file run-v2.cif (mmCIF, C-alpha atoms)
data_work
#
loop_
_atom_site.label_atom_id
_atom_site.label_comp_id
_atom_site.auth_asym_id
_atom_site.auth_seq_id
_atom_site.Cartn_x
_atom_site.Cartn_y
_atom_site.Cartn_z
CA MET A 1 -3.48 -5.29 96.78
CA SER A 2 -4.76 -6.43 100.17
CA ALA A 3 -2.30 -7.30 102.90
CA ASN A 4 -3.17 -10.98 103.14
CA THR A 5 -2.66 -11.70 99.43
CA PRO A 6 0.66 -13.43 98.88
CA ALA A 7 3.02 -11.20 96.94
CA GLU A 8 3.71 -13.82 94.24
CA THR A 9 0.02 -14.11 93.22
CA PRO A 10 -1.39 -10.57 92.90
CA GLU A 11 -5.07 -10.19 92.01
CA PRO A 12 -5.46 -10.49 88.25
CA LYS A 13 -6.46 -7.34 86.40
CA ARG A 14 -9.91 -7.40 84.79
CA TYR A 15 -8.60 -6.21 81.43
CA GLY A 16 -10.81 -8.58 79.40
CA ARG A 17 -14.08 -6.85 80.26
CA GLY A 18 -12.36 -3.47 80.01
CA LEU A 19 -11.28 -4.19 76.45
CA PHE A 20 -14.75 -5.51 75.60
CA LEU A 21 -16.55 -2.47 77.01
CA ALA A 22 -14.11 0.06 75.55
CA THR A 23 -14.51 -1.52 72.10
CA VAL A 24 -18.32 -1.59 72.32
CA LEU A 25 -18.48 2.03 73.53
CA GLY A 26 -15.89 3.26 71.04
CA GLY A 27 -17.68 1.50 68.18
CA ALA A 28 -21.15 2.67 69.20
CA SER A 29 -19.96 6.27 69.62
CA SER A 30 -18.55 6.16 66.08
CA LEU A 31 -22.18 6.40 64.92
CA LEU A 32 -21.72 10.09 65.79
CA TRP A 33 -18.19 10.74 64.50
CA GLY A 34 -17.44 7.95 62.02
CA LYS A 35 -18.37 9.72 58.82
CA SER A 36 -16.40 12.89 59.46
CA VAL A 37 -13.26 10.95 60.42
CA TRP A 38 -13.70 8.62 57.44
CA GLY A 39 -14.00 11.66 55.17
CA HIS A 40 -10.53 12.80 56.23
CA LEU A 41 -9.12 9.32 55.65
CA SER A 42 -10.82 8.61 52.34
CA ALA A 43 -7.88 9.82 50.25
CA ALA A 44 -5.68 7.25 51.97
CA THR A 45 -8.23 4.43 51.79
CA ASN A 46 -8.48 4.74 48.02
CA ALA A 47 -4.99 3.26 47.92
CA ILE A 48 -6.10 0.10 49.77
CA PRO A 49 -6.99 -2.50 47.15
CA LEU A 50 -9.75 -4.27 49.10
CA ILE A 51 -11.87 -1.17 49.48
CA PRO A 52 -14.02 -0.57 46.39
CA HIS A 53 -12.32 2.08 44.29
CA GLY A 54 -13.77 5.51 44.79
CA GLY A 55 -16.26 4.21 47.35
CA TRP A 56 -19.11 3.15 45.05
CA ARG A 57 -21.53 0.46 46.13
CA ILE A 58 -23.90 -1.06 43.66
CA TYR A 59 -27.51 -1.00 44.80
CA THR A 60 -30.20 -2.71 42.80
CA ILE A 61 -33.79 -3.63 43.60
CA SER A 62 -34.40 -6.56 41.28
CA GLY A 63 -32.90 -9.92 40.39
CA SER A 64 -30.71 -8.77 37.51
CA MET A 65 -29.41 -5.58 35.95
CA PRO A 66 -30.89 -4.30 32.67
CA THR A 67 -28.58 -4.90 29.71
CA PHE A 68 -27.93 -2.24 27.11
CA ASP A 69 -28.25 -2.98 23.39
CA PRO A 70 -27.31 0.12 21.33
CA ALA A 71 -29.31 -1.19 18.36
CA THR A 72 -32.66 -1.37 20.14
CA TRP A 73 -32.28 1.08 23.06
CA ARG A 74 -34.60 4.08 23.12
CA LEU A 75 -35.17 7.01 25.46
CA GLU A 76 -38.88 7.78 25.30
CA VAL A 77 -40.07 11.24 26.30
CA GLY A 78 -43.83 11.52 26.62
CA GLY A 79 -46.79 12.52 28.74
CA LEU A 80 -47.66 16.22 28.79
CA VAL A 81 -45.51 17.29 25.83
CA GLU A 82 -46.29 18.83 22.47
CA ARG A 83 -44.05 16.39 20.65
CA PRO A 84 -43.29 12.94 22.14
CA LEU A 85 -39.74 11.73 21.43
CA SER A 86 -38.19 8.35 20.90
CA LEU A 87 -34.43 8.91 20.87
CA SER A 88 -32.00 6.23 19.75
CA TYR A 89 -28.56 6.06 21.34
CA ALA A 90 -27.16 7.83 18.25
CA ASP A 91 -29.84 10.56 18.57
CA LEU A 92 -28.89 11.02 22.21
CA ARG A 93 -25.18 11.29 21.41
CA ALA A 94 -25.95 13.89 18.71
CA LEU A 95 -27.47 16.30 21.26
CA PRO A 96 -25.31 19.17 22.62
CA ARG A 97 -22.78 17.72 25.09
CA ALA A 98 -22.30 18.84 28.67
CA THR A 99 -19.76 17.85 31.35
CA GLN A 100 -19.50 18.43 35.09
CA ILE A 101 -17.66 17.28 38.18
CA SER A 102 -19.91 16.71 41.16
CA THR A 103 -20.11 14.73 44.40
CA PHE A 104 -22.44 11.76 44.75
CA HIS A 105 -24.11 11.23 48.14
CA CYS A 106 -25.92 8.04 49.08
CA VAL A 107 -28.63 8.25 51.74
CA THR A 108 -27.03 5.27 53.53
CA GLY A 109 -23.98 7.40 54.34
CA TRP A 110 -21.34 6.83 51.68
CA THR A 111 -20.10 9.58 49.41
CA VAL A 112 -18.07 9.60 46.19
CA PRO A 113 -16.34 12.95 45.65
CA ASP A 114 -15.46 14.49 42.29
CA VAL A 115 -17.23 12.21 39.84
CA HIS A 116 -16.70 13.28 36.22
CA TRP A 117 -20.02 13.14 34.39
CA ALA A 118 -20.72 13.76 30.69
CA GLY A 119 -24.04 13.70 28.92
CA VAL A 120 -26.87 15.99 27.94
CA ARG A 121 -28.94 18.63 29.69
CA LEU A 122 -32.67 18.19 30.15
CA ALA A 123 -33.15 21.65 28.65
CA ASP A 124 -31.98 20.33 25.27
CA ILE A 125 -34.49 17.48 25.48
CA PHE A 126 -37.29 19.84 26.53
CA ALA A 127 -36.43 22.15 23.62
CA GLN A 128 -37.46 19.30 21.29
CA ALA A 129 -40.32 17.76 23.29
CA ARG A 130 -41.78 21.09 24.48
CA PRO A 131 -43.57 20.38 27.81
CA LEU A 132 -47.20 21.60 27.93
CA PRO A 133 -48.11 24.38 30.41
CA GLN A 134 -49.89 21.95 32.75
CA ALA A 135 -46.72 19.81 33.12
CA ALA A 136 -45.16 20.43 36.54
CA ALA A 137 -43.11 17.30 37.22
CA LEU A 138 -41.11 14.48 35.62
CA GLU A 139 -41.67 10.80 36.09
CA LEU A 140 -38.34 9.02 35.53
CA VAL A 141 -38.79 5.36 34.60
CA SER A 142 -35.94 2.87 34.94
CA ALA A 143 -35.53 -0.26 32.86
CA GLU A 144 -35.07 -1.93 36.24
CA ARG A 145 -38.70 -2.59 37.11
CA PRO A 146 -40.47 -1.31 39.15
CA TYR A 147 -38.02 1.56 39.83
CA THR A 148 -39.40 5.03 39.16
CA ASP A 149 -38.82 8.42 40.68
CA TYR A 150 -40.15 11.96 40.34
CA LEU A 151 -38.71 15.47 40.25
CA THR A 152 -40.53 18.77 40.01
CA LEU A 153 -39.77 20.70 36.83
CA LYS A 154 -38.12 23.34 39.03
CA GLN A 155 -35.80 20.70 40.56
CA ALA A 156 -35.10 19.26 37.11
CA ARG A 157 -34.01 22.72 35.93
CA LEU A 158 -31.25 23.10 38.57
CA HIS A 159 -28.07 24.02 36.71
CA ASP A 160 -26.19 20.74 37.31
CA VAL A 161 -28.95 18.24 36.64
CA MET A 162 -27.82 15.97 33.83
CA LEU A 163 -28.68 12.87 31.86
CA ALA A 164 -25.27 11.20 32.01
CA ASP A 165 -24.01 8.61 29.54
CA GLU A 166 -20.34 8.84 30.60
CA MET A 167 -18.72 8.56 34.01
CA ASP A 168 -15.09 9.30 34.77
CA LEU A 169 -14.33 9.73 31.05
CA LYS A 170 -15.67 6.30 30.03
CA PRO A 171 -19.09 5.18 28.80
CA LEU A 172 -21.42 4.61 31.75
CA ARG A 173 -20.95 1.05 33.01
CA GLN A 174 -23.82 -1.38 33.40
CA GLU A 175 -23.76 -1.27 37.19
CA HIS A 176 -23.97 2.53 37.11
CA GLY A 177 -27.04 2.47 34.88
CA ALA A 178 -25.82 2.05 31.28
CA PRO A 179 -26.43 3.66 28.98
CA LEU A 180 -28.14 6.59 30.70
CA ARG A 181 -28.84 7.78 34.24
CA LEU A 182 -30.09 10.94 35.83
CA VAL A 183 -27.60 12.97 37.89
CA ILE A 184 -28.89 15.45 40.47
CA PRO A 185 -25.99 16.11 42.87
CA GLU A 186 -28.13 18.18 45.28
CA MET A 187 -30.14 15.07 46.12
CA TYR A 188 -29.36 11.60 47.45
CA GLY A 189 -28.54 8.78 45.07
CA TYR A 190 -31.99 7.22 45.00
CA LYS A 191 -33.23 10.25 43.01
CA ASN A 192 -30.41 9.67 40.48
CA VAL A 193 -32.35 7.05 38.50
CA LYS A 194 -30.19 4.44 36.74
CA TRP A 195 -31.04 2.63 33.46
CA LEU A 196 -33.28 5.55 32.53
CA GLU A 197 -35.49 4.62 29.57
CA ARG A 198 -38.53 6.87 29.82
CA ILE A 199 -39.33 10.42 30.98
CA ASN A 200 -42.99 11.31 31.36
CA LEU A 201 -44.06 14.91 31.90
CA VAL A 202 -46.84 14.78 34.49
CA PRO A 203 -49.05 17.32 36.37
CA ARG A 204 -47.62 16.59 39.84
CA VAL A 205 -44.95 14.72 41.80
CA GLU A 206 -45.89 11.35 43.25
CA ASP A 207 -44.09 8.69 45.30
CA GLY A 208 -41.32 6.84 43.48
CA TYR A 209 -39.93 3.43 44.44
CA TRP A 210 -38.07 4.50 47.61
CA GLU A 211 -40.66 7.11 48.58
CA THR A 212 -43.29 4.35 48.88
CA LEU A 213 -40.84 2.72 51.35
CA GLY A 214 -40.67 5.85 53.51
CA TYR A 215 -37.95 8.01 51.96
CA ASP A 216 -38.50 11.71 51.29
CA ARG A 217 -39.68 13.03 47.93
CA ASP A 218 -37.36 16.03 48.27
CA ALA A 219 -34.09 14.24 48.98
CA TRP A 220 -31.84 17.28 49.58
CA VAL A 221 -28.40 16.16 50.74
CA GLY A 222 -27.92 16.88 54.45
CA ARG A 223 -31.46 18.13 55.09
CA SER A 224 -33.86 15.30 54.36
CA ASN A 225 -34.51 11.69 55.36
CA GLY A 226 -33.88 12.40 59.04
CA TYR A 227 -30.53 14.15 58.50
CA SER A 228 -29.83 17.76 59.31
CA SER A 229 -26.56 19.55 58.72
CA MET B 1 2.24 -43.10 73.61
CA THR B 2 0.89 -39.56 73.50
CA ARG B 3 -1.28 -38.64 76.45
CA TYR B 4 -4.12 -36.21 75.86
CA VAL B 5 -5.79 -33.71 78.15
CA ARG B 6 -9.19 -32.04 77.74
CA ARG B 7 -8.98 -28.38 76.73
CA PHE B 8 -12.46 -27.45 75.40
CA SER B 9 -15.87 -28.69 76.52
CA ARG B 10 -18.60 -29.64 74.07
CA THR B 11 -20.40 -26.37 74.80
CA GLU B 12 -17.26 -24.33 74.09
CA ARG B 13 -16.67 -26.17 70.83
CA ALA B 14 -20.32 -25.83 69.75
CA LEU B 15 -20.16 -22.10 70.48
CA HIS B 16 -16.94 -21.75 68.48
CA TRP B 17 -18.23 -23.57 65.40
CA VAL B 18 -21.64 -21.90 65.43
CA ASN B 19 -19.78 -18.59 65.61
CA ALA B 20 -17.48 -19.61 62.74
CA LEU B 21 -20.33 -20.82 60.51
CA GLY B 22 -22.33 -17.65 61.14
CA PHE B 23 -19.33 -15.39 60.53
CA PHE B 24 -18.39 -17.02 57.21
CA THR B 25 -21.99 -16.90 55.95
CA LEU B 26 -22.23 -13.22 56.87
CA LEU B 27 -18.81 -12.42 55.41
CA GLY B 28 -19.67 -14.14 52.13
CA THR B 29 -23.08 -12.54 51.68
CA GLY B 30 -21.79 -9.22 53.03
CA LEU B 31 -18.96 -9.09 50.47
CA ILE B 32 -21.49 -9.70 47.68
CA LEU B 33 -23.45 -6.67 48.90
CA TYR B 34 -20.31 -4.54 49.43
CA LEU B 35 -17.87 -5.20 46.57
CA PRO B 36 -19.10 -3.88 43.20
CA SER B 37 -17.40 -6.70 41.26
CA LEU B 38 -19.22 -9.34 43.32
CA SER B 39 -22.50 -7.40 43.29
CA ILE B 40 -22.35 -7.40 39.50
CA LEU B 41 -21.36 -11.07 39.25
CA VAL B 42 -24.08 -12.35 41.57
CA GLY B 43 -26.90 -9.84 41.09
CA ARG B 44 -30.11 -10.75 42.97
CA ARG B 45 -29.38 -8.10 45.57
CA PRO B 46 -32.76 -8.26 47.35
CA VAL B 47 -32.36 -12.04 47.93
CA VAL B 48 -28.74 -11.70 49.10
CA LYS B 49 -29.80 -8.89 51.43
CA ASP B 50 -32.50 -11.10 52.99
CA ILE B 51 -30.06 -14.01 53.43
CA HIS B 52 -27.51 -11.66 55.02
CA PHE B 53 -30.01 -10.15 57.44
CA TRP B 54 -31.56 -13.45 58.55
CA SER B 55 -28.11 -15.08 58.84
CA GLY B 56 -27.17 -12.29 61.23
CA VAL B 57 -30.28 -12.75 63.33
CA GLY B 58 -29.80 -16.54 63.22
CA TRP B 59 -26.12 -16.22 64.15
CA VAL B 60 -26.78 -14.29 67.35
CA ALA B 61 -29.82 -16.42 68.21
CA ALA B 62 -27.83 -19.65 67.74
CA LEU B 63 -25.00 -18.34 69.95
CA ALA B 64 -27.55 -17.50 72.65
CA LEU B 65 -29.19 -20.91 72.26
CA VAL B 66 -25.90 -22.80 72.65
CA ALA B 67 -25.13 -20.81 75.79
CA LEU B 68 -28.64 -21.44 77.12
CA VAL B 69 -28.88 -25.21 76.59
CA GLY B 70 -25.16 -25.89 77.10
CA ASP B 71 -22.93 -25.81 80.15
CA ARG B 72 -23.68 -22.28 81.35
CA ARG B 73 -21.52 -22.47 84.48
CA GLY B 74 -18.61 -23.73 82.41
CA LEU B 75 -18.98 -20.83 79.99
CA LEU B 76 -19.07 -18.39 82.88
CA ARG B 77 -15.83 -19.87 84.22
CA THR B 78 -14.32 -19.51 80.72
CA ALA B 79 -15.43 -15.88 80.54
CA ARG B 80 -13.69 -15.24 83.88
CA GLU B 81 -10.50 -16.83 82.55
CA ILE B 82 -10.62 -14.54 79.51
CA ASP B 83 -11.35 -11.51 81.68
CA ALA B 84 -8.43 -12.07 84.06
CA PHE B 85 -5.00 -10.79 83.06
CA GLU B 86 -2.19 -12.07 85.32
CA ARG B 87 1.28 -10.64 85.58
CA ASP B 88 2.43 -13.43 83.23
CA ASP B 89 -0.08 -12.27 80.60
CA ILE B 90 1.48 -8.83 80.57
CA ARG B 91 4.93 -10.43 80.33
CA TRP B 92 3.69 -12.62 77.45
CA LEU B 93 2.43 -9.55 75.58
CA ARG B 94 5.83 -7.93 76.03
CA ARG B 95 7.41 -11.12 74.61
CA LEU B 96 9.14 -11.88 77.90
CA PRO B 97 9.35 -15.46 79.21
CA ALA B 98 5.94 -16.25 80.72
CA ARG B 99 3.86 -19.27 81.71
CA GLN B 100 0.34 -19.04 80.38
CA GLY B 101 -2.96 -20.46 81.61
CA ARG B 102 -5.48 -22.31 79.42
CA PHE B 103 -5.67 -19.15 77.28
CA ASN B 104 -2.67 -17.00 76.47
CA ALA B 105 -2.97 -13.22 76.54
CA GLY B 106 -3.39 -13.00 72.75
CA GLN B 107 -6.30 -15.44 72.85
CA LYS B 108 -7.92 -13.40 75.63
CA ILE B 109 -7.62 -10.20 73.60
CA ASN B 110 -8.97 -11.96 70.50
CA ALA B 111 -11.95 -13.30 72.43
CA ALA B 112 -12.79 -9.96 74.09
CA LEU B 113 -12.54 -8.10 70.76
CA ASN B 114 -14.65 -10.66 68.91
CA ALA B 115 -17.32 -10.51 71.59
CA ALA B 116 -17.39 -6.71 71.27
CA PHE B 117 -17.47 -6.95 67.47
CA THR B 118 -20.47 -9.28 67.66
CA VAL B 119 -22.38 -6.73 69.75
CA LEU B 120 -21.42 -3.93 67.34
CA PHE B 121 -22.21 -6.00 64.22
CA LEU B 122 -25.65 -6.71 65.66
CA LEU B 123 -26.21 -3.06 66.63
CA SER B 124 -25.09 -1.57 63.30
CA GLY B 125 -26.80 -4.32 61.30
CA LEU B 126 -30.13 -3.74 63.04
CA LEU B 127 -29.71 0.03 62.52
CA LEU B 128 -29.11 -0.55 58.79
CA PHE B 129 -32.21 -2.75 58.62
CA PHE B 130 -34.53 -0.48 60.58
CA GLY B 131 -32.95 2.70 59.20
CA GLU B 132 -34.12 1.63 55.77
CA ARG B 133 -37.65 1.60 57.19
CA ASP B 134 -37.71 4.52 59.65
CA THR B 135 -35.65 7.74 59.67
CA ARG B 136 -35.36 7.66 63.49
CA PHE B 137 -32.89 4.75 63.17
CA ARG B 138 -30.86 6.37 60.40
CA PHE B 139 -27.28 7.55 61.11
CA ALA B 140 -24.89 8.69 58.40
CA SER B 141 -22.09 6.63 60.00
CA THR B 142 -23.86 3.28 60.46
CA VAL B 143 -22.56 1.87 57.21
CA ILE B 144 -19.03 3.03 58.04
CA LEU B 145 -19.17 1.28 61.42
CA HIS B 146 -20.49 -1.93 59.85
CA ASP B 147 -17.80 -1.88 57.14
CA GLY B 148 -15.04 -0.98 59.61
CA LEU B 149 -16.05 -3.93 61.80
CA THR B 150 -15.84 -6.22 58.79
CA PHE B 151 -12.28 -5.14 58.11
CA ALA B 152 -11.21 -5.40 61.76
CA ALA B 153 -12.91 -8.78 62.30
CA THR B 154 -11.50 -10.20 59.05
CA ALA B 155 -7.99 -9.07 60.03
CA LEU B 156 -8.35 -10.87 63.39
CA LEU B 157 -9.72 -13.92 61.58
CA ALA B 158 -6.74 -13.98 59.22
CA GLY B 159 -4.34 -14.06 62.18
CA HIS B 160 -6.48 -16.70 63.90
CA LEU B 161 -6.50 -18.93 60.79
CA TYR B 162 -2.74 -18.56 60.38
CA LEU B 163 -2.07 -19.61 63.98
CA SER B 164 -4.59 -22.46 63.99
CA LEU B 165 -3.95 -23.93 60.53
CA ILE B 166 -0.43 -22.99 59.40
CA HIS B 167 1.97 -21.91 62.15
CA PRO B 168 3.75 -25.18 63.17
CA ALA B 169 4.09 -24.32 66.87
CA THR B 170 0.43 -23.48 67.43
CA ARG B 171 -1.62 -25.44 64.89
CA HIS B 172 -1.96 -28.39 67.27
CA ALA B 173 -4.51 -26.21 69.06
CA LEU B 174 -6.99 -26.99 66.26
CA ARG B 175 -7.28 -30.51 67.69
CA GLY B 176 -8.51 -28.97 70.92
CA MET B 177 -11.29 -27.16 69.10
CA THR B 178 -12.32 -30.20 67.01
CA LEU B 179 -11.82 -33.23 69.27
CA GLY B 180 -11.66 -31.33 72.55
CA THR B 181 -8.26 -32.69 73.59
CA VAL B 182 -4.63 -31.64 73.12
CA SER B 183 -1.43 -33.52 73.86
CA GLU B 184 -0.16 -33.18 77.41
CA ASP B 185 3.33 -32.23 76.23
CA TRP B 186 2.01 -29.45 74.00
CA ALA B 187 -0.18 -28.16 76.82
CA ARG B 188 2.78 -28.07 79.18
CA ALA B 189 4.95 -26.22 76.64
CA HIS B 190 2.37 -23.60 75.65
CA HIS B 191 0.12 -23.32 78.70
CA GLY B 192 2.45 -24.07 81.60
CA ARG B 193 0.28 -22.48 84.29
CA TRP B 194 -2.77 -24.48 83.27
CA THR B 195 -3.59 -27.65 85.24
CA PRO B 196 -5.66 -29.57 82.73
CA PRO B 197 -8.25 -32.16 83.64
CA PRO B 198 -7.33 -35.60 82.26
CA ALA B 199 -9.18 -36.75 79.16
CA GLU B 200 -11.58 -39.60 79.94
#
call {"tool": "encode", "arguments": {"input": "run-v2.cif", "output": "structure tokens"}}
result
Amino acid sequence: MSANTPAETPEPKRYGRGLFLATVLGGASSLLWGKSVWGHLSAATNAIPLIPHGGWRIYTISGSMPTFDPATWRLEVGGLVERPLSLSYADLRALPRATQISTFHCVTGWTVPDVHWAGVRLADIFAQARPLPQAAALELVSAERPYTDYLTLKQARLHDVMLADEMDLKPLRQEHGAPLRLVIPEMYGYKNVKWLERINLVPRVEDGYWETLGYDRDAWVGRSNGYSS
Amino acid sequence: MTRYVRRFSRTERALHWVNALGFFTLLGTGLILYLPSLSILVGRRPVVKDIHFWSGVGWVAALALVALVGDRRGLLRTAREIDAFERDDIRWLRRLPARQGRFNAGQKINAALNAAFTVLFLLSGLLLFFGERDTRFRFASTVILHDGLTFAATALLAGHLYLSLIHPATRHALRGMTLGTVSEDWARAHHGRWTPPPAE
């Protein structure tokens, strides 16, 4: 305080701009630390009712979600196979069952830990359809047009890749891709095609829906799409 | 007869209501994108996403436009009022007897935080938009920042709405933000250090 300022009116403190700048800098810096801090808090945030339970967000690319009718639904398996399949929902449910608990990572940054999946393994489908020797990749076609994606046969044979028809001990819900979605926990969510209705065995991998928009074909969690861990 | 004094200029009120309209549009469309139950109910995600993005751009552009064509010097004076914390502001925050200026310390904090939130909403929103198109703009924490801002800003808004619409002692302030004037008695009781200009 300068000597000629009367004691009863000290210079005001510039706290307003300080608060503004501190908030902007703190918020902007959270781009670097936000996710790791949030990860530690996520157990607590599940108890807050306003935050979507478990952390799921529902991403779609078209105007409406495909609806599932058990009477008419089919999973078609075709392309480079000895024996094309057209499985009804009952056929699908009659295949050997598999379960797993795995973590779901979205490329936009959110993660859902410990999702309970149940369904069938691709190996049991391939055992019936018998891919031809020249088949090297899968084209996964969603009922949500024009969503498709591709995996190499090697990627599709990872031990925890699954065609899931149940999530968290209940039938797969519409918004999660009912009745059937692909689950590949090693890769970001956009490879985990929802509303799966057709698998084509093809000679090579091509760009799926998000790949044509600039995302990586090999969407390994933590080491693709500009991320490195 | 009640005498009224002018509290907010036309530019200040225009800025406030443009801000409010933009925020509610973004909150509504943002919740549809964020909450699974609303995403399912509404569907049409690509359209909602476009509306949300362009509302955000329009929101910030409209705020800038109001500041540009309105009373810029007046707004600058207002910003200095919000910036300056007197000894009485600190006393007010500590719930000690204090005479406040045109803005009390809580209003100054609310304004500074909302201004910062606007900058951060714009930054994280643009990063979400461009990150979807180019990996160089992609951060794993962008979505967490954007969501966190929504929760913080909505909490502030809830307090703001309570004080301006419900709380009997303070809701008269709404008149200042709609008509521009407040009663002289109310001004003296709540903003004793403020020497208001008379309403024409």
call {"tool": "interface_residues", "arguments": {"input": "run-v2.cif", "of": "chain A", "to": "chain B", "cutoff": "8 Å", "atoms": "all atoms listed in the file", "output": "MDAnalysis selection string"}}
result
chainID A and resid 10:17 19:21 23:24 27:28 30:35 38 51:52 56:65 107:110 175 213:214 225:227
call {"tool": "atom_distance", "arguments": {"input": "run-v2.cif", "atom1": "CA of Pro66 (chain A)", "atom2": "CA of Trp220 (chain A)"}}
result
27.4 Å
call {"tool": "closest_residue", "arguments": {"input": "run-v2.cif", "among": "A:Gly79, A:Gly208, A:Gly177, A:Gly119", "to": "Lys194 (chain A)", "atoms": "all atoms listed in the file"}}
result
A:Gly177
call {"tool": "atom_distance", "arguments": {"input": "run-v2.cif", "atom1": "CA of Ala14 (chain B)", "atom2": "CA of Lys49 (chain B)"}}
result
26.7 Å
call {"tool": "residues_around", "arguments": {"input": "run-v2.cif", "residues": "region 71-74 of chain B", "least_positions_apart": "6", "cutoff": "12 Å", "atoms": "only C-alpha atoms", "output": "mmCIF file with C-alpha atoms, in the frame of the given file"}}
result
data_model
loop_
_atom_site.group_PDB
_atom_site.id
_atom_site.type_symbol
_atom_site.label_atom_id
_atom_site.label_comp_id
_atom_site.auth_asym_id
_atom_site.auth_seq_id
_atom_site.Cartn_x
_atom_site.Cartn_y
_atom_site.Cartn_z
ATOM 1 C CA PHE B 8 -12.460 -27.450 75.400
ATOM 2 C CA SER B 9 -15.870 -28.690 76.520
ATOM 3 C CA ARG B 10 -18.600 -29.640 74.070
ATOM 4 C CA THR B 11 -20.400 -26.370 74.800
ATOM 5 C CA GLU B 12 -17.260 -24.330 74.090
ATOM 6 C CA ARG B 13 -16.670 -26.170 70.830
ATOM 7 C CA ALA B 14 -20.320 -25.830 69.750
ATOM 8 C CA LEU B 15 -20.160 -22.100 70.480
ATOM 9 C CA ALA B 64 -27.550 -17.500 72.650
ATOM 10 C CA LEU B 65 -29.190 -20.910 72.260
ATOM 11 C CA ARG B 80 -13.690 -15.240 83.880
ATOM 12 C CA GLU B 81 -10.500 -16.830 82.550
#
call {"tool": "atom_distance", "arguments": {"input": "run-v2.cif", "atom1": "CA of Thr67 (chain A)", "atom2": "CA of Trp195 (chain A)"}}
result
8.8 Å
call {"tool": "resolve_selection", "arguments": {"input": "run-v2.cif", "expression": "the PyMOL selection byres ((chain A and resi 140) around 10)", "output": "list of chain:residue names"}}
result
A:Val77, A:Ala137, A:Leu138, A:Glu139, A:Val141, A:Ser142, A:Tyr147, A:Thr148, A:Asp149, A:Tyr150, A:Leu151, A:Arg181, A:Leu182, A:Lys191, A:Asn192, A:Val193, A:Lys194, A:Trp195, A:Leu196, A:Glu197, A:Arg198, A:Ile199, A:Asn200, A:Leu201, A:Gly208
call {"tool": "resolve_selection", "arguments": {"input": "run-v2.cif", "expression": "the PyMOL selection byres ((chain B and resi 184-189) around 8)", "output": "PyMOL selection string"}}
result
chain B and resi 2-5+172+182-183+190-194
call {"tool": "resolve_selection", "arguments": {"input": "run-v2.cif", "expression": "the PyMOL selection byres ((chain A and resi 99) around 12)", "output": "PDB file with C-alpha atoms, in the frame of the given file"}}
result
ATOM      1  CA  PRO A  96     -25.310  19.170  22.620  1.00  0.00           C
ATOM      2  CA  ARG A  97     -22.780  17.720  25.090  1.00  0.00           C
ATOM      3  CA  ALA A  98     -22.300  18.840  28.670  1.00  0.00           C
ATOM      4  CA  GLN A 100     -19.500  18.430  35.090  1.00  0.00           C
ATOM      5  CA  ILE A 101     -17.660  17.280  38.180  1.00  0.00           C
ATOM      6  CA  SER A 102     -19.910  16.710  41.160  1.00  0.00           C
ATOM      7  CA  VAL A 115     -17.230  12.210  39.840  1.00  0.00           C
ATOM      8  CA  HIS A 116     -16.700  13.280  36.220  1.00  0.00           C
ATOM      9  CA  TRP A 117     -20.020  13.140  34.390  1.00  0.00           C
ATOM     10  CA  ALA A 118     -20.720  13.760  30.690  1.00  0.00           C
ATOM     11  CA  GLY A 119     -24.040  13.700  28.920  1.00  0.00           C
ATOM     12  CA  VAL A 120     -26.870  15.990  27.940  1.00  0.00           C
ATOM     13  CA  ARG A 121     -28.940  18.630  29.690  1.00  0.00           C
ATOM     14  CA  HIS A 159     -28.070  24.020  36.710  1.00  0.00           C
ATOM     15  CA  ASP A 160     -26.190  20.740  37.310  1.00  0.00           C
ATOM     16  CA  VAL A 161     -28.950  18.240  36.640  1.00  0.00           C
ATOM     17  CA  MET A 162     -27.820  15.970  33.830  1.00  0.00           C
ATOM     18  CA  LEU A 163     -28.680  12.870  31.860  1.00  0.00           C
ATOM     19  CA  ALA A 164     -25.270  11.200  32.010  1.00  0.00           C
ATOM     20  CA  ASP A 165     -24.010   8.610  29.540  1.00  0.00           C
ATOM     21  CA  GLU A 166     -20.340   8.840  30.600  1.00  0.00           C
ATOM     22  CA  MET A 167     -18.720   8.560  34.010  1.00  0.00           C
ATOM     23  CA  ASP A 168     -15.090   9.300  34.770  1.00  0.00           C
ATOM     24  CA  LEU A 169     -14.330   9.730  31.050  1.00  0.00           C
ATOM     25  CA  VAL A 183     -27.600  12.970  37.890  1.00  0.00           C
TER      26      VAL A 183
END
call {"tool": "decode", "arguments": {"input": "run-v2.cif", "residues": "region 195-200 of chain A", "atoms": "N, CA and C atoms", "output": "compact mmCIF listing (two decimals), in the first residue's frame"}}
result
# COMPACT_ATOMS: atom_id res chain seq x y z
N TRP A 195 -25.06 -54.21 -33.20
CA TRP A 195 -26.14 -54.63 -34.12
C TRP A 195 -25.57 -55.47 -35.27
N LEU A 196 -24.66 -56.37 -34.90
CA LEU A 196 -23.98 -57.18 -35.91
C LEU A 196 -25.00 -58.10 -36.59
N GLU A 197 -25.04 -58.07 -37.94
CA GLU A 197 -25.99 -58.93 -38.63
C GLU A 197 -25.34 -59.72 -39.76
N ARG A 198 -24.07 -59.41 -40.08
CA ARG A 198 -23.44 -60.15 -41.17
C ARG A 198 -21.93 -60.16 -40.96
N ILE A 199 -21.31 -61.32 -41.17
CA ILE A 199 -19.84 -61.45 -41.15
C ILE A 199 -19.44 -62.01 -42.51
N ASN A 200 -18.64 -61.23 -43.23
CA ASN A 200 -18.11 -61.71 -44.51
C ASN A 200 -16.64 -62.02 -44.37
